[in-house]
There are 2 protein chains.
Amino acid sequence: MNGAEACLSTLVNAGVSVCFTNPGTTEMGFVAAFDKLAGMRPVLTLFEGVAAGAADGYARMVGRPAATLLHLGPGFANGLANFHNARRAQVPMINLVGDHATYHRQFDAPLNSEIELLACNVSGWVRSSASAAELPVDTADAVAAACAPPGQLATLIIPAEATWSAAAPVNAPVLPVAEQPSREAVDAAATALQSGRAGLLLAGDALLADNLKVAGAIAQQTGARLYCETFARRLERGAGRVPVARLPYFPEAVAGELADLEHLILVGARRPVSFFAYPDQASDLVPSACQVWELASEAHDLSIALAWLADTVAADPTRVAAGTPDPPGAPRGALTPETLAAAVSLVLPEGAIVSDEANTGGLAGFPLTVAAAPHDWLFLTGGSIGQGLPVATGAAVACPDRKVLALQADGGGAYTVQALWTQARENLDVTTVIYANRQYRILGVEYQRLTDQSPGPRAMDLIDIDRPTLDWVAIAGGFGVPAVRSDTAEDFQRQLANALAEPGPRLIEAVL
Amino acid sequence: MNGAEACLSTLVNAGVSVCFTNPGTTEMGFVAAFDKLAGMRPVLTLFEGVAAGAADGYARMVGRPAATLLHLGPGFANGLANFHNARRAQVPMINLVGDHATYHRQFDAPLNSEIELLACNVSGWVRSSASAAELPVDTADAVAAACAPPGQLATLIIPAEATWSAAAPVNAPVLPVAEQPSREAVDAAATALQSGRAGLLLAGDALLADNLKVAGAIAQQTGARLYCETFARRLERGAGRVPVARLPYFPEAVAGELADLEHLILVGARRPVSFFAYPDQASDLVPSACQVWELASEAHDLSIALAWLADTVAADPTRVAAGTPDPPGAPRGALTPETLAAAVSLVLPEGAIVSDEANTGGLAGFPLTVAAAPHDWLFLTGGSIGQGLPVATGAAVACPDRKVLALQADGGGAYTVQALWTQARENLDVTTVIYANRQYRILGVEYQRLTDQSPGPRAMDLIDIDRPTLDWVAIAGGFGVPAVRSDTAEDFQRQLANALAEPGPRLIEAVL
């Protein structure tokens, strides 16, 4: 067995069974190894940004890492923006990066670069394997590092000769488990909850349905409000589940939402800050009179933290009132973010996974889908656009029995449009809705906020993307995904229901 | 005037007049500034990899830097692979990267990252501006740094508040000039040339027509052979120009080509090394009996170096025999890399610029276009695929009076396909030919080289990209570029002539 085979074998031993990739010459040993190892499924992408986002979406849904396999520094670089998003999502992921043979690096051939320097930007763990003999142990270490709670990117750089030479796989590593929270933190949070207007800000696994039920019982017992971060990793929501209020995007709206709180309790979440700085606005969004308490950090076991807190305040999760919001009426007339969201709410099948990079269109529509059948909602965690279609792709690989709906702004969709091809190739059950407003609308909003004026013609030229109009039906068809265009609410609802009823990928260009 | 306006104004003072961009909120001050400054042309791209490659193509053709304007670390990261290629092309380029306000960075908002750590991977010069007052001087320093011979990437990180606050532009910086070579190096090269079988390996500006004429005179006088690097920045070639032999791609072929040389003289070039390492093959490709001499390094003035050398060996550039190779016959039958190249050779208009990322298809076809009308040939300098369409885009912005032909492999074309949209938006005279062999053919070749076997089914699944077939006519149309498909040599020649005769972008999917 050579190093590449031993590396993949070690991954399989550790339960890693999917590898999103675009390999090159330095990864040729891996390409050959895939043929010999039944337990590892390679999934080809036409661009590494797709592989990076797909590994993120996969991990969000199964809680275990996928691998990526990438071609030297530039291959890693092409995935970097979605690695950034994945780092913010705190998912486990293992990146295998082929490098030149160690003895070849000194010659600084054209593809040579300092891969470690790139990798450390987004990885919690980076190592360059010294030889084939050490590669399997390094691989097992990478898995353990990736799975350190709450999850992080582990990047293993593999010189070419380590893939050629002889090696033997090793057993699965012992995976680290999340720490318990401190009793003092639980008691402090309980005291805070009982002494004034309080809010719980939830993140990570605290947003899964079972944990939300516990949080809901705490809220019911104490009157606390439940919030989730604006861009969470994964939120289980919909009819019958405990709802949480999503923090708004703009800083003045967050500050307004939190204005009357006396206590803010962080449950795996960070202290809320503004997404961007603005002249004459604070970055820290906690009201000055509000005290902040950390029940548990992102590295703690949030299930235990919430259970202990419920116990301390005598809340009973078995008696929490489920959310029963009214569904929206059937949408009529023009297609807008709101009518589009109403249609989604009405036709979303139970167990669906929503990958949301609708951005400006999505912020308005999000609250309108709270009464939909129970589903998972995945957000744009790191703010770098081009995540939505890849995350949807990975989620569909992870959960072949569930429908995936990608709500995708057109600007961000153009970033990693190659994801559609992998969806077609793997016949993934993804329906993509392109929010075709034909502009970077957020830029127009931000221009107005900064200058208090409307953009002039050259500025508008950097905001509008309607010259030429992107024909998403043609583009999707070109990448192998059947597509339709829709511009009324009634038609959109019908088209969306049709697309979700069919197996395999579909795309709807929703003209807003 | 605010910092953003003063920064752009300083660039205009220094002769920088084009900015390839995809801006975001931290760059909003620049978006507003474009409206106020007539001298700076912003060119919007749908993905930063296009902006990076376009700035490269622009600089290759005019020898002056373009600017890019990018959105924080992830925006820079999306350009990184093509920045890598541009670094290898040794072009001048100025990257403006918006960052969070300095006081906002401590809060580690979702888009926060260590931009300097990213930028240093590809930049010869990196600075983070401390304030609006310092931004114009930093900008002038960036221009001077970018123009340090032979050219490099200068990256200026600009915190948001430096764009808002008051500032004043500064005058154009004094640009550094290339050093003269040493007389000793010239004499040593002359002696070598006259003492045995010698070759000149040319790179950088040595490959421009006037310098090639001098090199041709030296070769005529001394019997030396003329070589160019496999992946050069820009080669002026075609009928009437002095031809050079391009070094082959695979190491054994390079070694074979150089086998009988006694002296290899580097003219701005590096010692030839293998692109990749292979088991049991040397990385250094200079024959053991061959002595290597450096006439001039990449930072030297190569015109002077060649002129002095010509003078020393009594070569007369005014009497050099021009290349008069026979043009190929009109191609017939199946479309292959060779028949495609013959068609290109016959219809390429004088003054055309060829952006070549045809990869396996291009290596075979390249020699067949040597008799075409005089033209420029731009290569994939850093080996990271996805450069060809962006470089063509930037070259067309640089040279609006010349035709640009992009010879693009399908695999690499899918990487930065968004370039087509910018070509349509700016009505650029680019004709793209997609080499649709529907596989990463180089991977099949490399698989065979490594394993001495044919790929098995799972390996083939990482080499073939024909499931589903990319429909380039649909994709190009979706991005606004009219396209046709062609699968015979005769039809292709006609379609190519038609496309080149029309103004504006066109695409031909050449089914190989």
# chains A, B, ... in the order shown; residues from 1 in each chain; ligands from 1
>>> select_by_dssp(residues="range 39-180 of chain B", states="strand (DSSP E or B)", output="PyMOL selection string")
chain B and resi 41-44+67-71+93-99+125-128+153-159+166+179
>>> interface_residues(of="chain A", to="chain B", cutoff="7 Å", atoms="only C-alpha atoms", output="number ranges by chain")
A: 24-25, 28, 31-32, 34-35, 44, 46-47, 74, 77-78, 80-81, 88, 100-101, 104, 107, 109-111, 114, 118, 121, 273-277, 283, 382-384, 414-415, 424-425, 443, 446-447, 456-459, 462, 467-468, 470-472, 474-475, 477-480
>>> residues_around(residues="Asp141 in chain A", least_positions_apart="5", cutoff="10 Å", atoms="only C-alpha atoms", output="mmCIF file with N, CA, C and O atoms, in the first residue's frame")
data_model
loop_
_atom_site.group_PDB
_atom_site.id
_atom_site.type_symbol
_atom_site.label_atom_id
_atom_site.label_comp_id
_atom_site.auth_asym_id
_atom_site.auth_seq_id
_atom_site.Cartn_x
_atom_site.Cartn_y
_atom_site.Cartn_z
ATOM 1 N N TRP A 125 -5.647 23.812 12.562
ATOM 2 C CA TRP A 125 -4.559 22.826 12.624
ATOM 3 C C TRP A 125 -3.960 22.716 11.229
ATOM 4 O O TRP A 125 -4.696 22.560 10.248
ATOM 5 N N ARG A 127 -0.487 20.887 9.192
ATOM 6 C CA ARG A 127 0.758 20.122 9.262
ATOM 7 C C ARG A 127 1.193 19.759 7.844
ATOM 8 O O ARG A 127 0.362 19.523 6.976
ATOM 9 N N LEU A 135 2.573 9.791 7.126
ATOM 10 C CA LEU A 135 1.317 10.323 6.581
ATOM 11 C C LEU A 135 0.065 9.744 7.254
ATOM 12 O O LEU A 135 -0.856 10.500 7.587
ATOM 13 N N PRO A 136 -0.007 8.415 7.499
ATOM 14 C CA PRO A 136 -1.231 7.905 8.132
ATOM 15 C C PRO A 136 -1.451 8.463 9.547
ATOM 16 O O PRO A 136 -2.591 8.804 9.897
ATOM 17 N N ALA A 146 -9.741 18.118 13.528
ATOM 18 C CA ALA A 146 -10.946 18.662 12.896
ATOM 19 C C ALA A 146 -12.155 18.524 13.814
ATOM 20 O O ALA A 146 -13.043 19.379 13.826
ATOM 21 N N CYS A 147 -12.164 17.442 14.590
ATOM 22 C CA CYS A 147 -13.330 17.150 15.430
ATOM 23 C C CYS A 147 -13.228 17.770 16.825
ATOM 24 O O CYS A 147 -14.090 17.529 17.672
ATOM 25 N N ALA A 154 -8.872 21.291 9.542
ATOM 26 C CA ALA A 154 -7.536 20.725 9.714
ATOM 27 C C ALA A 154 -6.960 20.508 8.326
ATOM 28 O O ALA A 154 -7.576 19.852 7.486
ATOM 29 N N LEU A 156 -3.847 19.249 5.965
ATOM 30 C CA LEU A 156 -2.668 18.381 5.898
ATOM 31 C C LEU A 156 -2.035 18.536 4.512
ATOM 32 O O LEU A 156 -2.676 18.249 3.499
ATOM 33 N N ALA A 172 -8.729 4.427 13.694
ATOM 34 C CA ALA A 172 -9.404 5.691 13.965
ATOM 35 C C ALA A 172 -8.836 6.323 15.227
ATOM 36 O O ALA A 172 -8.565 5.620 16.203
ATOM 37 N N PRO A 173 -8.660 7.638 15.222
ATOM 38 C CA PRO A 173 -8.168 8.308 16.433
ATOM 39 C C PRO A 173 -9.286 8.416 17.471
ATOM 40 O O PRO A 173 -10.473 8.298 17.141
ATOM 41 N N VAL A 174 -8.906 8.608 18.706
ATOM 42 C CA VAL A 174 -9.881 8.947 19.739
ATOM 43 C C VAL A 174 -10.281 10.400 19.527
ATOM 44 O O VAL A 174 -9.418 11.277 19.428
ATOM 45 N N LEU A 175 -11.566 10.638 19.401
ATOM 46 C CA LEU A 175 -12.012 11.998 19.122
ATOM 47 C C LEU A 175 -12.233 12.763 20.416
ATOM 48 O O LEU A 175 -12.769 12.218 21.386
#
>>> atom_distance(atom1="CA of Arg241 in chain A", atom2="CA of Ala322 in chain A")
5.5 Å
>>> atom_distance(atom1="CA of Ala296 in chain A", atom2="CA of Gln180 in chain A")
8.4 Å
>>> select_by_dssp(residues="range 311-446 of chain A", states="helix (DSSP H, G or I)", output="PyMOL selection string")
chain A and resi 311-312+317-319+337-347+360-369+388-398+410-415+419-425+441-446
>>> atom_distance(atom1="CA of Ile304 in chain A", atom2="CA of Val186 in chain A")
10.2 Å
>>> residues_around(residues="Leu207 in chain B", least_positions_apart="5", cutoff="10 Å", atoms="only C-alpha atoms", output="mmCIF file with N, CA and C atoms, in the first residue's frame")
data_model
loop_
_atom_site.group_PDB
_atom_site.id
_atom_site.type_symbol
_atom_site.label_atom_id
_atom_site.label_comp_id
_atom_site.auth_asym_id
_atom_site.auth_seq_id
_atom_site.Cartn_x
_atom_site.Cartn_y
_atom_site.Cartn_z
ATOM 1 N N LEU B 201 18.395 31.265 -23.361
ATOM 2 C CA LEU B 201 17.031 31.063 -22.844
ATOM 3 C C LEU B 201 16.479 32.429 -22.461
ATOM 4 N N LEU B 202 15.456 32.833 -23.199
ATOM 5 C CA LEU B 202 14.939 34.202 -23.096
ATOM 6 C C LEU B 202 13.652 34.235 -22.286
ATOM 7 N N LEU B 212 14.047 40.422 -29.718
ATOM 8 C CA LEU B 212 14.244 39.158 -30.439
ATOM 9 C C LEU B 212 15.096 39.362 -31.687
ATOM 10 N N LYS B 213 14.947 40.551 -32.279
ATOM 11 C CA LYS B 213 15.763 40.837 -33.461
ATOM 12 C C LYS B 213 17.251 40.843 -33.083
ATOM 13 N N ALA B 215 18.517 39.289 -30.439
ATOM 14 C CA ALA B 215 18.870 37.903 -30.115
ATOM 15 C C ALA B 215 19.077 37.091 -31.388
ATOM 16 N N TYR B 227 15.847 29.939 -27.242
ATOM 17 C CA TYR B 227 14.733 29.271 -26.558
ATOM 18 C C TYR B 227 13.913 30.297 -25.793
ATOM 19 N N CYS B 228 12.627 29.983 -25.618
ATOM 20 C CA CYS B 228 11.860 30.733 -24.621
ATOM 21 C C CYS B 228 11.319 29.763 -23.591
ATOM 22 N N GLU B 229 11.069 30.304 -22.406
ATOM 23 C CA GLU B 229 10.505 29.487 -21.338
ATOM 24 C C GLU B 229 9.176 28.887 -21.800
ATOM 25 N N ALA B 232 5.796 31.737 -20.908
ATOM 26 C CA ALA B 232 6.350 33.093 -20.873
ATOM 27 C C ALA B 232 5.243 34.118 -20.651
ATOM 28 N N ARG B 233 5.655 35.290 -20.216
ATOM 29 C CA ARG B 233 4.687 36.377 -20.010
ATOM 30 C C ARG B 233 4.075 36.814 -21.333
ATOM 31 N N ARG B 234 4.915 37.047 -22.322
ATOM 32 C CA ARG B 234 4.428 37.620 -23.589
ATOM 33 C C ARG B 234 5.498 37.412 -24.646
ATOM 34 N N LEU B 235 5.097 36.800 -25.723
ATOM 35 C CA LEU B 235 6.029 36.518 -26.814
ATOM 36 C C LEU B 235 5.495 37.174 -28.081
ATOM 37 N N GLU B 236 6.303 38.050 -28.669
ATOM 38 C CA GLU B 236 5.931 38.650 -29.955
ATOM 39 C C GLU B 236 6.481 37.738 -31.051
ATOM 40 N N ARG B 237 5.585 37.231 -31.863
ATOM 41 C CA ARG B 237 6.006 36.226 -32.842
ATOM 42 C C ARG B 237 5.168 36.348 -34.115
ATOM 43 N N VAL B 242 11.647 37.092 -35.515
ATOM 44 C CA VAL B 242 12.644 36.068 -35.199
ATOM 45 C C VAL B 242 11.994 34.993 -34.337
ATOM 46 N N PRO B 243 11.982 33.752 -34.800
ATOM 47 C CA PRO B 243 11.342 32.701 -34.020
ATOM 48 C C PRO B 243 12.252 32.177 -32.913
ATOM 49 N N VAL B 244 11.633 31.726 -31.835
ATOM 50 C CA VAL B 244 12.363 31.050 -30.762
ATOM 51 C C VAL B 244 11.705 29.697 -30.542
ATOM 52 N N VAL B 267 18.757 34.794 -20.132
ATOM 53 C CA VAL B 267 18.495 36.209 -20.417
ATOM 54 C C VAL B 267 17.177 36.571 -19.737
ATOM 55 N N GLY B 268 17.270 36.917 -18.469
ATOM 56 C CA GLY B 268 16.062 37.201 -17.690
ATOM 57 C C GLY B 268 15.301 35.949 -17.313
ATOM 58 N N LEU B 302 16.875 44.070 -20.108
ATOM 59 C CA LEU B 302 17.241 42.990 -21.033
ATOM 60 C C LEU B 302 17.554 43.529 -22.431
ATOM 61 N N SER B 303 17.006 44.678 -22.784
ATOM 62 C CA SER B 303 17.364 45.296 -24.064
ATOM 63 C C SER B 303 18.841 45.655 -24.082
ATOM 64 N N ASP B 376 0.876 38.743 -30.630
ATOM 65 C CA ASP B 376 1.416 38.515 -29.288
ATOM 66 C C ASP B 376 0.822 37.238 -28.718
#
>>> residues_around(residues="Ala130 in chain B", least_positions_apart="6", cutoff="8 Å", atoms="only C-alpha atoms", output="PyMOL selection string")
chain B and resi 158-159+162
>>> write_last_selection(atoms="all heavy atoms", output="short mmCIF file (atom, residue, chain, number, x, y, z; two decimals), in the first residue's frame")
data_model
loop_
_atom_site.label_atom_id
_atom_site.label_comp_id
_atom_site.auth_asym_id
_atom_site.auth_seq_id
_atom_site.Cartn_x
_atom_site.Cartn_y
_atom_site.Cartn_z
N ILE B 158 -6.58 48.87 3.09
CA ILE B 158 -7.10 50.19 3.41
C ILE B 158 -8.26 50.06 4.40
O ILE B 158 -9.35 49.63 4.03
CB ILE B 158 -7.57 50.90 2.12
CG1 ILE B 158 -6.42 50.94 1.11
CG2 ILE B 158 -8.09 52.29 2.43
CD1 ILE B 158 -6.82 51.38 -0.27
N PRO B 159 -8.03 50.45 5.65
CA PRO B 159 -9.13 50.37 6.62
C PRO B 159 -10.23 51.36 6.25
O PRO B 159 -9.96 52.43 5.68
CB PRO B 159 -8.47 50.74 7.95
CG PRO B 159 -7.20 51.44 7.59
CD PRO B 159 -6.79 50.94 6.24
N ALA B 162 -10.09 55.15 6.69
CA ALA B 162 -9.15 55.90 5.85
C ALA B 162 -9.80 56.34 4.55
O ALA B 162 -9.31 57.28 3.89
CB ALA B 162 -7.91 55.07 5.56
#
>>> residues_around(residues="Pro505 in chain B", least_positions_apart="2", cutoff="7 Å", atoms="only C-alpha atoms", output="number ranges by chain")
B: 423-424, 427-431, 481, 503, 507
>>> closest_residue(among="B:Ala167, B:Ala398, B:Ala499, B:Val177", to="Pro150 in chain B", atoms="only C-alpha atoms")
B:Val177
>>> residues_around(residues="Arg319 in chain B", least_positions_apart="6", cutoff="10 Å", atoms="only C-alpha atoms", output="ChimeraX atom specification")
/B:213-214,216-217,220
>>> write_last_selection(atoms="C-alpha atoms", output="mmCIF file, in the first residue's frame")
data_model
loop_
_atom_site.group_PDB
_atom_site.id
_atom_site.type_symbol
_atom_site.label_atom_id
_atom_site.label_comp_id
_atom_site.auth_asym_id
_atom_site.auth_seq_id
_atom_site.Cartn_x
_atom_site.Cartn_y
_atom_site.Cartn_z
ATOM 1 C CA LYS B 213 15.763 40.837 -33.461
ATOM 2 C CA VAL B 214 18.939 41.450 -31.460
ATOM 3 C CA GLY B 216 18.375 36.671 -33.669
ATOM 4 C CA ALA B 217 21.449 38.554 -34.819
ATOM 5 C CA GLN B 220 22.982 34.183 -36.629
#
